[in-house]
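Undergrad: A single structure is presented below for examination.
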Amino acid sequence: MVRSLLLLFTLAYASSGRAEIAPTTTIVVANSNTPAGVELAKTFMRYRGIPDQNLIVLDLSTEETITWSQYSDTLLNPLRSKLLAAGLLTGQYVAGKDVRGRQDYLPTAAPKLSWIVLMHGVPLKIQPSGIKVLGGGKQGIRGDQACVDSELALLATVNLDPEGAKPNPWFQQRTLAPADAAEIIRTARLDGPTPADVLRAMQGAWRAEAQGLRGRAYVDVGGPYPDGDTWFKNAAELTQQLGFPTDIENTRQQFGVKARSDAPAFYLGWYSQKAEGRFALPSVQLAPGAIALHLHSFSAGTLRFDSAGWTPWLVKQGAAHTSGNVYEPYLTFTLRPDLLIQGLQQGMTAGEAAWYANPAVSWQGTILGDPFYRPFARDIAKQLADFQQKPDELGAYAVIRAAQLRPKDESAKALADLDAAQRRTPSLPLAFALAQARQEQALPLVWNPQVWAGLDKADDGLVWEVALFFEKKGLKEPAKKALQGLQGRPAWKDDPEFKAHWDAVAR
C-alpha cells in the first residue's frame with residue numbers, strides 16, 4: 001500500500017531514482033543537552049557546505065538507550081514536525097497515535113531529503129517495548145528493539161510495525177525506482193566515546209579525501225560461520241584488486257599481538273565480543289580515513305566506552321568509517337564487508353557503500369562516519385605526484401600500492417619504481433616491499449641501510465616480520481639489527497619466542 005501510494009506522487013522525482021548526495025537535502029540532528037555534539041555538527045556542516053537551517057537541535061535524553069515512548073515523543077514526532085514546516089517532508093498528521101506513541105502520519109509527496117546525520121549525544125537504541133502483536137516478526141527475529149538510526153530511515157513513510165527486520169531497498173542497488181527511493185532516508189552517525197575521538201575520525205576522512213587513502217589492508221577470515229568467512233575472503237580479494245597489500249588471518253583467533261599492523265587503511269575483522277589481539281593495542285592507530293569494522297552481534301551495544309566493544313574502539317583508534325549492531329542482528333541481517341568494499345571500488349561514498357552493503361532497516365545496525373567521504377577521490381597518479389613533491393609518512397604506501405597495481409608484464413617497472421622511491425626517501429615499508437618483490441622474482445636482495453635510522457618509530461609487527469625475513473635467508477646481521485629495534489619495547493625482551501630468535505642470530 002505504501003509503495004503504491006507514494007508512486008502516485010513520485011513519478012517526477014529524481015529521474016535517476018538515486019537519492020542525490022547534496023548538502024541542501026541533508027539534515028543533521030543534534031541533542032541540545034550535549035553541547036559538544038552541537039559543535040561537532042556545526043564543524044561537519046561547515047566542511048560539507050550544509051546550510052545552517054538544516055541543523056535540527058532537539059531536547060533529547062542523554063542516555064544511549066531510550067523507550068519507544070521517548071523515541072516517539074522527543075525524536076520522531078518533533079523531527080517530522082520540523083521537517084514538514086521546512087518543506088523537506090510533504091504530508092500530514094492524522095489524528096491519533098499508535099501504541100508506541102508515534103503520531104499517525106501520511107506522506108503526500110516524495111521527501112526532499114537524502115540523508116539524516118545523527119550526532120554524538122543523540123540516543124543510540126530503543127529498548128524492546130514488550131508489546132505483543134499477532135503474527136509479528138519472523139521466526140527467530142521477533143522483537144521491536146532497534147537502532148534509532150535504522151528506525152529513522154523510515155521517517156518519510158507511514159508508521160510501519162517495527163517488529164522484526166525490514167528489507168533495505170538500497171541493498172546491492174546503486175539506483176532505485178523513485179517510489180523505492182522515497183521510502184528510505186539513509187542515515188549515518190558521527191559518534192564515538194568522546195567528542196575528540198569523533199573529530200579526529202572526521203578529520204582523518206577529510207585528510208584521506210584530499211591526499212588519498214594510503215596504507216595496507218588487514219582481513220580476518222576465521223569466524224564461526226562459513227557464510228561470514230566467505231564475505232571476508234571476498235573482501236580480501238577486493239582490497240588486493242585495489243592494490244592494497246593485504247594480510248589475512250585465517251585462524252579462529254584475532255590477529256596476534258606480533259602481527260604486522262602498520263598503516264591500516266582497511267581493518268575487517270570478526271568474531272570477538274571485545275577488542276582483542278593486535279588491533280586492540282592502543283599503540284596501533286588506524287591510518288587517516290581508515291575503513292574499519294569488526295563483525296559481532298553487539299559490537300555497538302554502546303558507543304561511549306571504548307572497552308565495551310569493537311565499534312567504539314575503532315572510532316577511538318581513528319576509523320573514518322565503521323559500523324556495528326546495538327542488539328543481536330543475526331548474521332543474515334548484518335552489513336556485508338565484501339559489498340562495502342565493492343561499493344567503494346565502484347566509486348560510492350562511504351555512506352552509499354554502507355547502505356549498498358546493508359540488508360535491513362528497522363533493525364540493529366548503525367553506520368558511523370561522514371557519509372560523504374570518498375576514500376578514492378584522489379587517484380593513485382596524483383598520490384605519486386604528491387610523494388615526489390612533498391613526501392610524508394604515508395606516501396611510501398602510495399608507491400607500494402602503485403607497484404601492486406602494475407600488470408605482471410610490468411614487474412621490472414614496478415621494481416624500478418620501488419627502488420627509486422626507497423633511495424630517494426628511505427623507509428622501512430618501502431625497503432621491505434622491494435626486498436620481498438625481488439625475492440618473489442628470484443632476484444638478488446637489495447637493502448638500503450639508511451632505513452635502520454627510523455627503526456625506533458616503526459611498527460612492532462613490521463620490524464618483527466623484517467627480522468624473520470632476514471633470519472630465514474640466513475642473514476644474521478640485518479636480522480639482529482631488526483631484533484635490536486624491539487629489545488627495548490614493552491612485552492618483547494622477555495617474550496620466549498623473541499628470545500629464541502635473538503639467541504639464533506646473536507651467537
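To be explicit about the labels: the chains of the C-alpha cells are called A, B, and onward in the order shown, and within each one the residues are counted from 1, while ligands get numbers from 1 in the order they are shown.
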Counting only C-alpha atoms, which residues in segment 338-447 of chain A sit no more than 12 Å from segment 471-481 of chain A? For each one, give the nearest pair of atoms and the distance in Å, sorted by chain then residue number, as a Markdown table.
TA:
| residue | atom | partner | partner_atom | distance |
| --- | --- | --- | --- | --- |
| A:Ala435 | CA | A:Lys473 | CA | 11.4 |
| A:Gln436 | CA | A:Lys473 | CA | 11.5 |
| A:Gln439 | CA | A:Lys473 | CA | 10.1 |
| A:Pro444 | CA | A:Lys473 | CA | 11.4 |
| A:Leu445 | CA | A:Lys473 | CA | 9.9 |
| A:Trp447 | CA | A:Pro478 | CA | 9.6 |
Undergrad: With N, CA and C atoms retained, could you export that selection as a tab-separated table (two decimals), in the first residue's frame?
TA:
chain	number	residue	atom	x	y	z
A	435	ALA	N	62.43	-5.60	-1.13
A	435	ALA	CA	63.12	-6.86	-0.85
A	435	ALA	C	62.21	-8.06	-1.11
A	436	GLN	N	60.96	-7.96	-0.68
A	436	GLN	CA	60.01	-9.05	-0.90
A	436	GLN	C	59.72	-9.25	-2.39
A	439	GLN	N	62.62	-10.93	-4.02
A	439	GLN	CA	62.67	-12.34	-3.63
A	439	GLN	C	61.66	-13.15	-4.44
A	444	PRO	N	68.54	-10.92	-6.69
A	444	PRO	CA	69.36	-10.65	-5.51
A	444	PRO	C	68.72	-9.59	-4.61
A	445	LEU	N	68.95	-9.73	-3.32
A	445	LEU	CA	68.39	-8.82	-2.35
A	445	LEU	C	69.00	-7.42	-2.49
A	447	TRP	N	68.95	-3.83	-0.28
A	447	TRP	CA	68.51	-3.29	1.01
A	447	TRP	C	69.22	-1.98	1.27
Undergrad: With DSSP run on the backbone, what are the alpha helix (DSSP H) residues within segment 388-439 of chain A? I'd like them as a PyMOL selection string.
TA: chain A and resi 388-389+395-405+411-424+428-439
Undergrad: Could you dump the residues just selected with N, CA, C and O atoms as a short mmCIF file (atom, residue, chain, number, x, y, z; two decimals), in the first residue's frame?
TA:
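The resulting out39.cif:
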data_model
loop_
_atom_site.label_atom_id
_atom_site.label_comp_id
_atom_site.auth_asym_id
_atom_site.auth_seq_id
_atom_site.Cartn_x
_atom_site.Cartn_y
_atom_site.Cartn_z
N GLN A 388 56.33 12.71 -4.76
CA GLN A 388 57.52 13.27 -5.41
C GLN A 388 57.78 14.70 -4.91
O GLN A 388 58.93 15.07 -4.65
N GLN A 389 56.72 15.47 -4.75
CA GLN A 389 56.88 16.89 -4.41
C GLN A 389 57.06 17.12 -2.92
O GLN A 389 57.90 17.93 -2.51
N GLY A 395 53.25 8.46 2.27
CA GLY A 395 53.50 8.46 0.83
C GLY A 395 54.09 7.17 0.31
O GLY A 395 53.82 6.76 -0.82
N ALA A 396 54.92 6.51 1.13
CA ALA A 396 55.52 5.24 0.72
C ALA A 396 54.47 4.21 0.34
O ALA A 396 54.67 3.40 -0.58
N TYR A 397 53.34 4.25 1.03
CA TYR A 397 52.30 3.26 0.76
C TYR A 397 51.61 3.50 -0.59
O TYR A 397 51.09 2.56 -1.20
N ALA A 398 51.61 4.74 -1.05
CA ALA A 398 51.09 5.02 -2.39
C ALA A 398 52.01 4.39 -3.44
O ALA A 398 51.54 3.83 -4.44
N VAL A 399 53.33 4.49 -3.21
CA VAL A 399 54.29 3.88 -4.13
C VAL A 399 54.11 2.36 -4.15
O VAL A 399 54.09 1.73 -5.22
N ILE A 400 53.96 1.78 -2.99
CA ILE A 400 53.78 0.32 -2.89
C ILE A 400 52.49 -0.11 -3.58
O ILE A 400 52.46 -1.10 -4.32
N ARG A 401 51.42 0.66 -3.36
CA ARG A 401 50.14 0.31 -3.99
C ARG A 401 50.25 0.43 -5.51
O ARG A 401 49.75 -0.43 -6.25
N ALA A 402 50.91 1.49 -5.99
CA ALA A 402 51.07 1.66 -7.43
C ALA A 402 51.83 0.48 -8.03
O ALA A 402 51.49 0.00 -9.12
N ALA A 403 52.85 0.00 -7.33
CA ALA A 403 53.60 -1.16 -7.81
C ALA A 403 52.71 -2.41 -7.85
O ALA A 403 52.79 -3.21 -8.79
N GLN A 404 51.85 -2.55 -6.85
CA GLN A 404 50.93 -3.70 -6.80
C GLN A 404 49.93 -3.66 -7.96
O GLN A 404 49.48 -4.71 -8.44
N LEU A 405 49.57 -2.47 -8.39
CA LEU A 405 48.57 -2.32 -9.44
C LEU A 405 49.12 -2.54 -10.84
O LEU A 405 48.36 -2.68 -11.80
N SER A 411 56.50 -5.96 -14.27
CA SER A 411 57.12 -6.19 -12.97
C SER A 411 58.46 -5.48 -12.84
O SER A 411 58.82 -5.00 -11.77
N ALA A 412 59.21 -5.42 -13.92
CA ALA A 412 60.51 -4.73 -13.88
C ALA A 412 60.32 -3.24 -13.58
O ALA A 412 61.08 -2.64 -12.81
N LYS A 413 59.29 -2.65 -14.16
CA LYS A 413 59.00 -1.24 -13.91
C LYS A 413 58.56 -1.04 -12.46
O LYS A 413 58.95 -0.06 -11.82
N ALA A 414 57.77 -1.98 -11.95
CA ALA A 414 57.33 -1.89 -10.56
C ALA A 414 58.53 -1.92 -9.62
O ALA A 414 58.61 -1.13 -8.66
N LEU A 415 59.48 -2.83 -9.88
CA LEU A 415 60.68 -2.91 -9.06
C LEU A 415 61.50 -1.63 -9.15
O LEU A 415 62.02 -1.14 -8.14
N ALA A 416 61.61 -1.10 -10.34
CA ALA A 416 62.38 0.14 -10.53
C ALA A 416 61.76 1.29 -9.77
O ALA A 416 62.47 2.12 -9.17
N ASP A 417 60.43 1.37 -9.78
CA ASP A 417 59.75 2.43 -9.06
C ASP A 417 59.96 2.31 -7.55
O ASP A 417 60.22 3.30 -6.86
N LEU A 418 59.87 1.08 -7.03
CA LEU A 418 60.11 0.86 -5.60
C LEU A 418 61.54 1.22 -5.23
O LEU A 418 61.80 1.87 -4.20
N ASP A 419 62.48 0.80 -6.08
CA ASP A 419 63.90 1.05 -5.81
C ASP A 419 64.18 2.56 -5.80
O ASP A 419 64.86 3.07 -4.90
N ALA A 420 63.67 3.26 -6.80
CA ALA A 420 63.91 4.70 -6.89
C ALA A 420 63.31 5.42 -5.68
O ALA A 420 63.93 6.33 -5.12
N ALA A 421 62.12 5.00 -5.28
CA ALA A 421 61.46 5.66 -4.15
C ALA A 421 62.21 5.43 -2.85
O ALA A 421 62.38 6.36 -2.05
N GLN A 422 62.68 4.19 -2.63
CA GLN A 422 63.35 3.93 -1.36
C GLN A 422 64.75 4.53 -1.32
O GLN A 422 65.30 4.77 -0.26
N ARG A 423 65.33 4.80 -2.47
CA ARG A 423 66.62 5.51 -2.50
C ARG A 423 66.41 7.00 -2.20
O ARG A 423 67.20 7.62 -1.48
N ARG A 424 65.36 7.55 -2.78
CA ARG A 424 65.11 8.98 -2.62
C ARG A 424 64.58 9.30 -1.22
O ARG A 424 64.99 10.27 -0.59
N LEU A 428 61.35 1.98 6.06
CA LEU A 428 61.32 0.53 6.26
C LEU A 428 60.24 -0.14 5.41
O LEU A 428 60.51 -1.17 4.78
N PRO A 429 59.01 0.41 5.33
CA PRO A 429 57.99 -0.26 4.49
C PRO A 429 58.42 -0.36 3.03
O PRO A 429 58.21 -1.39 2.39
N LEU A 430 59.01 0.69 2.49
CA LEU A 430 59.44 0.67 1.09
C LEU A 430 60.57 -0.32 0.87
O LEU A 430 60.55 -1.12 -0.08
N ALA A 431 61.58 -0.27 1.73
CA ALA A 431 62.73 -1.17 1.57
C ALA A 431 62.29 -2.62 1.67
O ALA A 431 62.76 -3.49 0.91
N PHE A 432 61.37 -2.90 2.59
CA PHE A 432 60.91 -4.28 2.77
C PHE A 432 60.05 -4.72 1.59
O PHE A 432 60.15 -5.87 1.13
N ALA A 433 59.21 -3.83 1.07
CA ALA A 433 58.39 -4.17 -0.10
C ALA A 433 59.29 -4.50 -1.29
O ALA A 433 59.02 -5.45 -2.04
N LEU A 434 60.36 -3.72 -1.47
CA LEU A 434 61.28 -4.00 -2.56
C LEU A 434 61.98 -5.34 -2.36
O LEU A 434 62.10 -6.14 -3.30
N ALA A 435 62.43 -5.60 -1.13
CA ALA A 435 63.12 -6.86 -0.85
C ALA A 435 62.21 -8.06 -1.11
O ALA A 435 62.62 -9.06 -1.71
N GLN A 436 60.96 -7.96 -0.68
CA GLN A 436 60.01 -9.05 -0.90
C GLN A 436 59.72 -9.25 -2.39
O GLN A 436 59.65 -10.38 -2.87
N ALA A 437 59.54 -8.14 -3.11
CA ALA A 437 59.26 -8.23 -4.55
C ALA A 437 60.43 -8.87 -5.30
O ALA A 437 60.23 -9.70 -6.20
N ARG A 438 61.64 -8.50 -4.94
CA ARG A 438 62.81 -9.10 -5.59
C ARG A 438 62.94 -10.58 -5.25
O ARG A 438 63.31 -11.39 -6.09
N GLN A 439 62.62 -10.93 -4.02
CA GLN A 439 62.67 -12.34 -3.63
C GLN A 439 61.66 -13.15 -4.44
O GLN A 439 61.97 -14.27 -4.89
#
Undergrad: Tell me which protein, DNA and RNA residues are within 6 Å of Tyr105 of chain A, counting only C-alpha atoms, leaving out same-chain ones fewer than 4 positions away, and put them as an mmCIF file with all heavy atoms, in the first residue's frame.
TA:
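Saved file around.cif follows:
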data_model
loop_
_atom_site.group_PDB
_atom_site.id
_atom_site.type_symbol
_atom_site.label_atom_id
_atom_site.label_comp_id
_atom_site.auth_asym_id
_atom_site.auth_seq_id
_atom_site.Cartn_x
_atom_site.Cartn_y
_atom_site.Cartn_z
ATOM 1 N N GLN A 92 0.958 14.841 6.041
ATOM 2 C CA GLN A 92 0.095 15.381 7.076
ATOM 3 C C GLN A 92 -0.046 14.375 8.207
ATOM 4 O O GLN A 92 0.062 13.166 8.012
ATOM 5 C CB GLN A 92 -1.281 15.727 6.511
ATOM 6 C CG GLN A 92 -2.016 14.537 5.910
ATOM 7 C CD GLN A 92 -3.284 14.959 5.187
ATOM 8 O OE1 GLN A 92 -3.343 16.037 4.608
ATOM 9 N NE2 GLN A 92 -4.287 14.096 5.194
ATOM 10 N N TYR A 93 -0.222 14.929 9.388
ATOM 11 C CA TYR A 93 -0.517 14.081 10.530
ATOM 12 C C TYR A 93 -1.998 13.728 10.527
ATOM 13 O O TYR A 93 -2.858 14.538 10.154
ATOM 14 C CB TYR A 93 -0.167 14.784 11.832
ATOM 15 C CG TYR A 93 1.307 14.742 12.167
ATOM 16 C CD1 TYR A 93 2.027 15.900 12.395
ATOM 17 C CD2 TYR A 93 1.971 13.518 12.271
ATOM 18 C CE1 TYR A 93 3.380 15.857 12.707
ATOM 19 C CE2 TYR A 93 3.312 13.464 12.570
ATOM 20 C CZ TYR A 93 4.015 14.636 12.791
ATOM 21 O OH TYR A 93 5.340 14.571 13.097
ATOM 22 N N VAL A 94 -2.303 12.535 10.918
ATOM 23 C CA VAL A 94 -3.666 12.059 11.059
ATOM 24 C C VAL A 94 -3.939 11.957 12.556
ATOM 25 O O VAL A 94 -3.046 11.596 13.325
ATOM 26 C CB VAL A 94 -3.849 10.694 10.372
ATOM 27 C CG1 VAL A 94 -5.291 10.220 10.493
ATOM 28 C CG2 VAL A 94 -3.429 10.783 8.916
ATOM 29 N N VAL A 158 4.584 5.999 6.156
ATOM 30 C CA VAL A 158 3.619 5.782 7.232
ATOM 31 C C VAL A 158 4.294 4.937 8.305
ATOM 32 O O VAL A 158 5.301 4.271 8.050
ATOM 33 C CB VAL A 158 2.359 5.069 6.704
ATOM 34 C CG1 VAL A 158 1.637 5.925 5.686
ATOM 35 C CG2 VAL A 158 2.698 3.702 6.126
#
Undergrad: Write out as a list in words all residues of segment 130-225 of chain A that backbone DSSP assigns to strand (DSSP E or B).
TA: Ala146, Cys147, Lys166, Pro167, Arg186, Thr187, Ala188, Arg189, Leu190, Arg216, Ala217, Tyr218, Val219 and Asp220 of chain A
Undergrad: Which residue out of A:Met202, A:Leu384, A:Val466, A:Leu83 has the minimum interatomic distance to Ala482 of chain A when only C-alpha atoms are used?
TA: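 Of A:Met202, A:Leu384, A:Val466, A:Leu83, the one nearest Ala482 of chain A, counting only C-alpha atoms, is A:Val466.
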Undergrad: Segment 166-256 of chain A near segment 25-31 of chain A within 12 Å: what's each residue's closest atom pair and its distance in Å to one decimal, counting only C-alpha atoms, ordered by chain then ascending residue number, as CSV?
TA:
residue,atom,partner,partner_atom,distance
A:Ile185,CA,A:Thr26,CA,9.6
A:Arg186,CA,A:Thr26,CA,9.7
A:Thr187,CA,A:Thr26,CA,9.6
A:Ala188,CA,A:Val28,CA,9.6
A:Arg189,CA,A:Val28,CA,9.4
A:Leu190,CA,A:Val28,CA,9.9
A:Asp191,CA,A:Ala30,CA,10.9
Undergrad: Could you dump the residues just selected with N, CA, C and O atoms as a PDB file, in the first residue's frame?
TA:
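Resulting contents of out_8.pdb:
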ATOM      1  N   ILE A 185      15.084   7.190   3.911  1.00  0.00           N
ATOM      2  CA  ILE A 185      16.043   8.285   4.054  1.00  0.00           C
ATOM      3  C   ILE A 185      17.284   7.671   4.699  1.00  0.00           C
ATOM      4  O   ILE A 185      17.243   7.256   5.860  1.00  0.00           O
ATOM      5  N   ARG A 186      18.351   7.627   3.964  1.00  0.00           N
ATOM      6  CA  ARG A 186      19.544   6.969   4.503  1.00  0.00           C
ATOM      7  C   ARG A 186      20.123   7.765   5.672  1.00  0.00           C
ATOM      8  O   ARG A 186      20.097   8.990   5.676  1.00  0.00           O
ATOM      9  N   THR A 187      20.623   7.034   6.655  1.00  0.00           N
ATOM     10  CA  THR A 187      21.130   7.643   7.878  1.00  0.00           C
ATOM     11  C   THR A 187      22.602   7.309   8.080  1.00  0.00           C
ATOM     12  O   THR A 187      23.115   6.307   7.576  1.00  0.00           O
ATOM     13  N   ALA A 188      23.258   8.166   8.821  1.00  0.00           N
ATOM     14  CA  ALA A 188      24.630   7.928   9.275  1.00  0.00           C
ATOM     15  C   ALA A 188      24.772   8.620  10.621  1.00  0.00           C
ATOM     16  O   ALA A 188      23.940   9.454  11.002  1.00  0.00           O
ATOM     17  N   ARG A 189      25.836   8.286  11.335  1.00  0.00           N
ATOM     18  CA  ARG A 189      26.034   8.821  12.684  1.00  0.00           C
ATOM     19  C   ARG A 189      27.479   9.235  12.855  1.00  0.00           C
ATOM     20  O   ARG A 189      28.401   8.506  12.452  1.00  0.00           O
ATOM     21  N   LEU A 190      27.682  10.422  13.438  1.00  0.00           N
ATOM     22  CA  LEU A 190      29.017  10.893  13.810  1.00  0.00           C
ATOM     23  C   LEU A 190      29.090  10.812  15.327  1.00  0.00           C
ATOM     24  O   LEU A 190      28.626  11.707  16.039  1.00  0.00           O
ATOM     25  N   ASP A 191      29.676   9.730  15.822  1.00  0.00           N
ATOM     26  CA  ASP A 191      29.578   9.417  17.243  1.00  0.00           C
ATOM     27  C   ASP A 191      30.767   8.575  17.653  1.00  0.00           C
ATOM     28  O   ASP A 191      31.467   7.994  16.812  1.00  0.00           O
TER      29      ASP A 191
END
Undergrad: Distance atom CA of Thr62 of chain A-atom CA of Asp149 of chain A, one decimal place?
TA: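 Going from atom CA of Thr62 of chain A over to atom CA of Asp149 of chain A covers 15.8 Å.
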Undergrad: Just want the 8 Å neighbourhood of segment 257-263 of chain A, counted on only C-alpha atoms, with same-chain residues fewer than 3 positions away dropped. Output as a VMD selection string.
TA: chain A and resid 214 to 216 218 277 to 279 284 to 287 394 458 to 462 464 to 465
Undergrad: Can I get the selected residues back with N, CA, C and O atoms, as a PDB file, in the first residue's frame?
TA:
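Final output, again_21.pdb:
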ATOM      1  N   ARG A 214      45.738   5.839   2.029  1.00  0.00           N
ATOM      2  CA  ARG A 214      47.025   5.177   1.851  1.00  0.00           C
ATOM      3  C   ARG A 214      47.294   4.242   3.022  1.00  0.00           C
ATOM      4  O   ARG A 214      47.008   4.576   4.171  1.00  0.00           O
ATOM      5  N   GLY A 215      47.854   3.086   2.711  1.00  0.00           N
ATOM      6  CA  GLY A 215      48.158   2.136   3.753  1.00  0.00           C
ATOM      7  C   GLY A 215      48.015   0.710   3.271  1.00  0.00           C
ATOM      8  O   GLY A 215      48.217   0.406   2.084  1.00  0.00           O
ATOM      9  N   ARG A 216      47.650  -0.175   4.193  1.00  0.00           N
ATOM     10  CA  ARG A 216      47.558  -1.605   3.912  1.00  0.00           C
ATOM     11  C   ARG A 216      46.187  -2.109   4.369  1.00  0.00           C
ATOM     12  O   ARG A 216      45.422  -1.376   4.999  1.00  0.00           O
ATOM     13  N   TYR A 218      44.052  -5.365   6.363  1.00  0.00           N
ATOM     14  CA  TYR A 218      44.163  -6.490   7.296  1.00  0.00           C
ATOM     15  C   TYR A 218      42.777  -7.117   7.420  1.00  0.00           C
ATOM     16  O   TYR A 218      41.830  -6.447   7.840  1.00  0.00           O
ATOM     17  N   GLY A 277      43.649  -8.920  20.669  1.00  0.00           N
ATOM     18  CA  GLY A 277      44.655  -9.172  19.652  1.00  0.00           C
ATOM     19  C   GLY A 277      45.400  -7.894  19.268  1.00  0.00           C
ATOM     20  O   GLY A 277      45.365  -6.885  19.965  1.00  0.00           O
ATOM     21  N   ARG A 278      46.080  -7.954  18.135  1.00  0.00           N
ATOM     22  CA  ARG A 278      46.947  -6.860  17.708  1.00  0.00           C
ATOM     23  C   ARG A 278      46.207  -5.535  17.570  1.00  0.00           C
ATOM     24  O   ARG A 278      46.694  -4.484  18.001  1.00  0.00           O
ATOM     25  N   PHE A 279      45.011  -5.568  16.994  1.00  0.00           N
ATOM     26  CA  PHE A 279      44.295  -4.333  16.705  1.00  0.00           C
ATOM     27  C   PHE A 279      43.524  -3.800  17.902  1.00  0.00           C
ATOM     28  O   PHE A 279      42.797  -2.820  17.790  1.00  0.00           O
ATOM     29  N   VAL A 284      48.372   0.774  18.193  1.00  0.00           N
ATOM     30  CA  VAL A 284      48.050   0.528  16.786  1.00  0.00           C
ATOM     31  C   VAL A 284      46.972   1.512  16.345  1.00  0.00           C
ATOM     32  O   VAL A 284      45.782   1.300  16.555  1.00  0.00           O
ATOM     33  N   GLN A 285      47.417   2.599  15.746  1.00  0.00           N
ATOM     34  CA  GLN A 285      46.497   3.618  15.252  1.00  0.00           C
ATOM     35  C   GLN A 285      46.141   3.338  13.796  1.00  0.00           C
ATOM     36  O   GLN A 285      46.997   2.952  13.002  1.00  0.00           O
ATOM     37  N   LEU A 286      44.877   3.517  13.462  1.00  0.00           N
ATOM     38  CA  LEU A 286      44.446   3.332  12.085  1.00  0.00           C
ATOM     39  C   LEU A 286      44.945   4.482  11.219  1.00  0.00           C
ATOM     40  O   LEU A 286      45.169   5.593  11.704  1.00  0.00           O
ATOM     41  N   ALA A 287      45.126   4.215   9.930  1.00  0.00           N
ATOM     42  CA  ALA A 287      45.545   5.262   9.007  1.00  0.00           C
ATOM     43  C   ALA A 287      44.429   6.296   8.857  1.00  0.00           C
ATOM     44  O   ALA A 287      43.241   5.958   8.984  1.00  0.00           O
ATOM     45  N   LEU A 394      53.029   8.632   4.970  1.00  0.00           N
ATOM     46  CA  LEU A 394      52.180   7.646   4.302  1.00  0.00           C
ATOM     47  C   LEU A 394      52.441   7.549   2.803  1.00  0.00           C
ATOM     48  O   LEU A 394      51.903   6.667   2.137  1.00  0.00           O
ATOM     49  N   ALA A 458      59.158   2.495  13.948  1.00  0.00           N
ATOM     50  CA  ALA A 458      58.449   1.549  13.071  1.00  0.00           C
ATOM     51  C   ALA A 458      57.506   0.651  13.858  1.00  0.00           C
ATOM     52  O   ALA A 458      57.696   0.396  15.051  1.00  0.00           O
ATOM     53  N   ASP A 459      56.485   0.167  13.181  1.00  0.00           N
ATOM     54  CA  ASP A 459      55.512  -0.759  13.762  1.00  0.00           C
ATOM     55  C   ASP A 459      56.203  -2.026  14.262  1.00  0.00           C
ATOM     56  O   ASP A 459      57.039  -2.605  13.569  1.00  0.00           O
ATOM     57  N   ASP A 460      55.846  -2.472  15.470  1.00  0.00           N
ATOM     58  CA  ASP A 460      56.448  -3.677  16.047  1.00  0.00           C
ATOM     59  C   ASP A 460      56.351  -4.872  15.103  1.00  0.00           C
ATOM     60  O   ASP A 460      57.330  -5.594  14.889  1.00  0.00           O
ATOM     61  N   GLY A 461      55.144  -5.080  14.601  1.00  0.00           N
ATOM     62  CA  GLY A 461      54.923  -6.252  13.756  1.00  0.00           C
ATOM     63  C   GLY A 461      55.721  -6.205  12.466  1.00  0.00           C
ATOM     64  O   GLY A 461      56.209  -7.234  11.986  1.00  0.00           O
ATOM     65  N   LEU A 462      55.868  -5.008  11.901  1.00  0.00           N
ATOM     66  CA  LEU A 462      56.680  -4.858  10.696  1.00  0.00           C
ATOM     67  C   LEU A 462      58.139  -5.179  10.997  1.00  0.00           C
ATOM     68  O   LEU A 462      58.793  -5.908  10.234  1.00  0.00           O
ATOM     69  N   TRP A 464      59.347  -7.044  13.360  1.00  0.00           N
ATOM     70  CA  TRP A 464      59.412  -8.487  13.623  1.00  0.00           C
ATOM     71  C   TRP A 464      59.417  -9.267  12.308  1.00  0.00           C
ATOM     72  O   TRP A 464      60.200 -10.202  12.127  1.00  0.00           O
ATOM     73  N   GLU A 465      58.569  -8.874  11.387  1.00  0.00           N
ATOM     74  CA  GLU A 465      58.493  -9.551  10.097  1.00  0.00           C
ATOM     75  C   GLU A 465      59.798  -9.382   9.316  1.00  0.00           C
ATOM     76  O   GLU A 465      60.269 -10.323   8.662  1.00  0.00           O
TER      77      GLU A 465
END
Undergrad: Can you tell me how far atom CA of Gln364 of chain A sits from atom CA of Thr34 of chain A, in Å to one decimal?
TA: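 Answer for the atom CA of Gln364 of chain A to atom CA of Thr34 of chain A separation: 23.5 Å.
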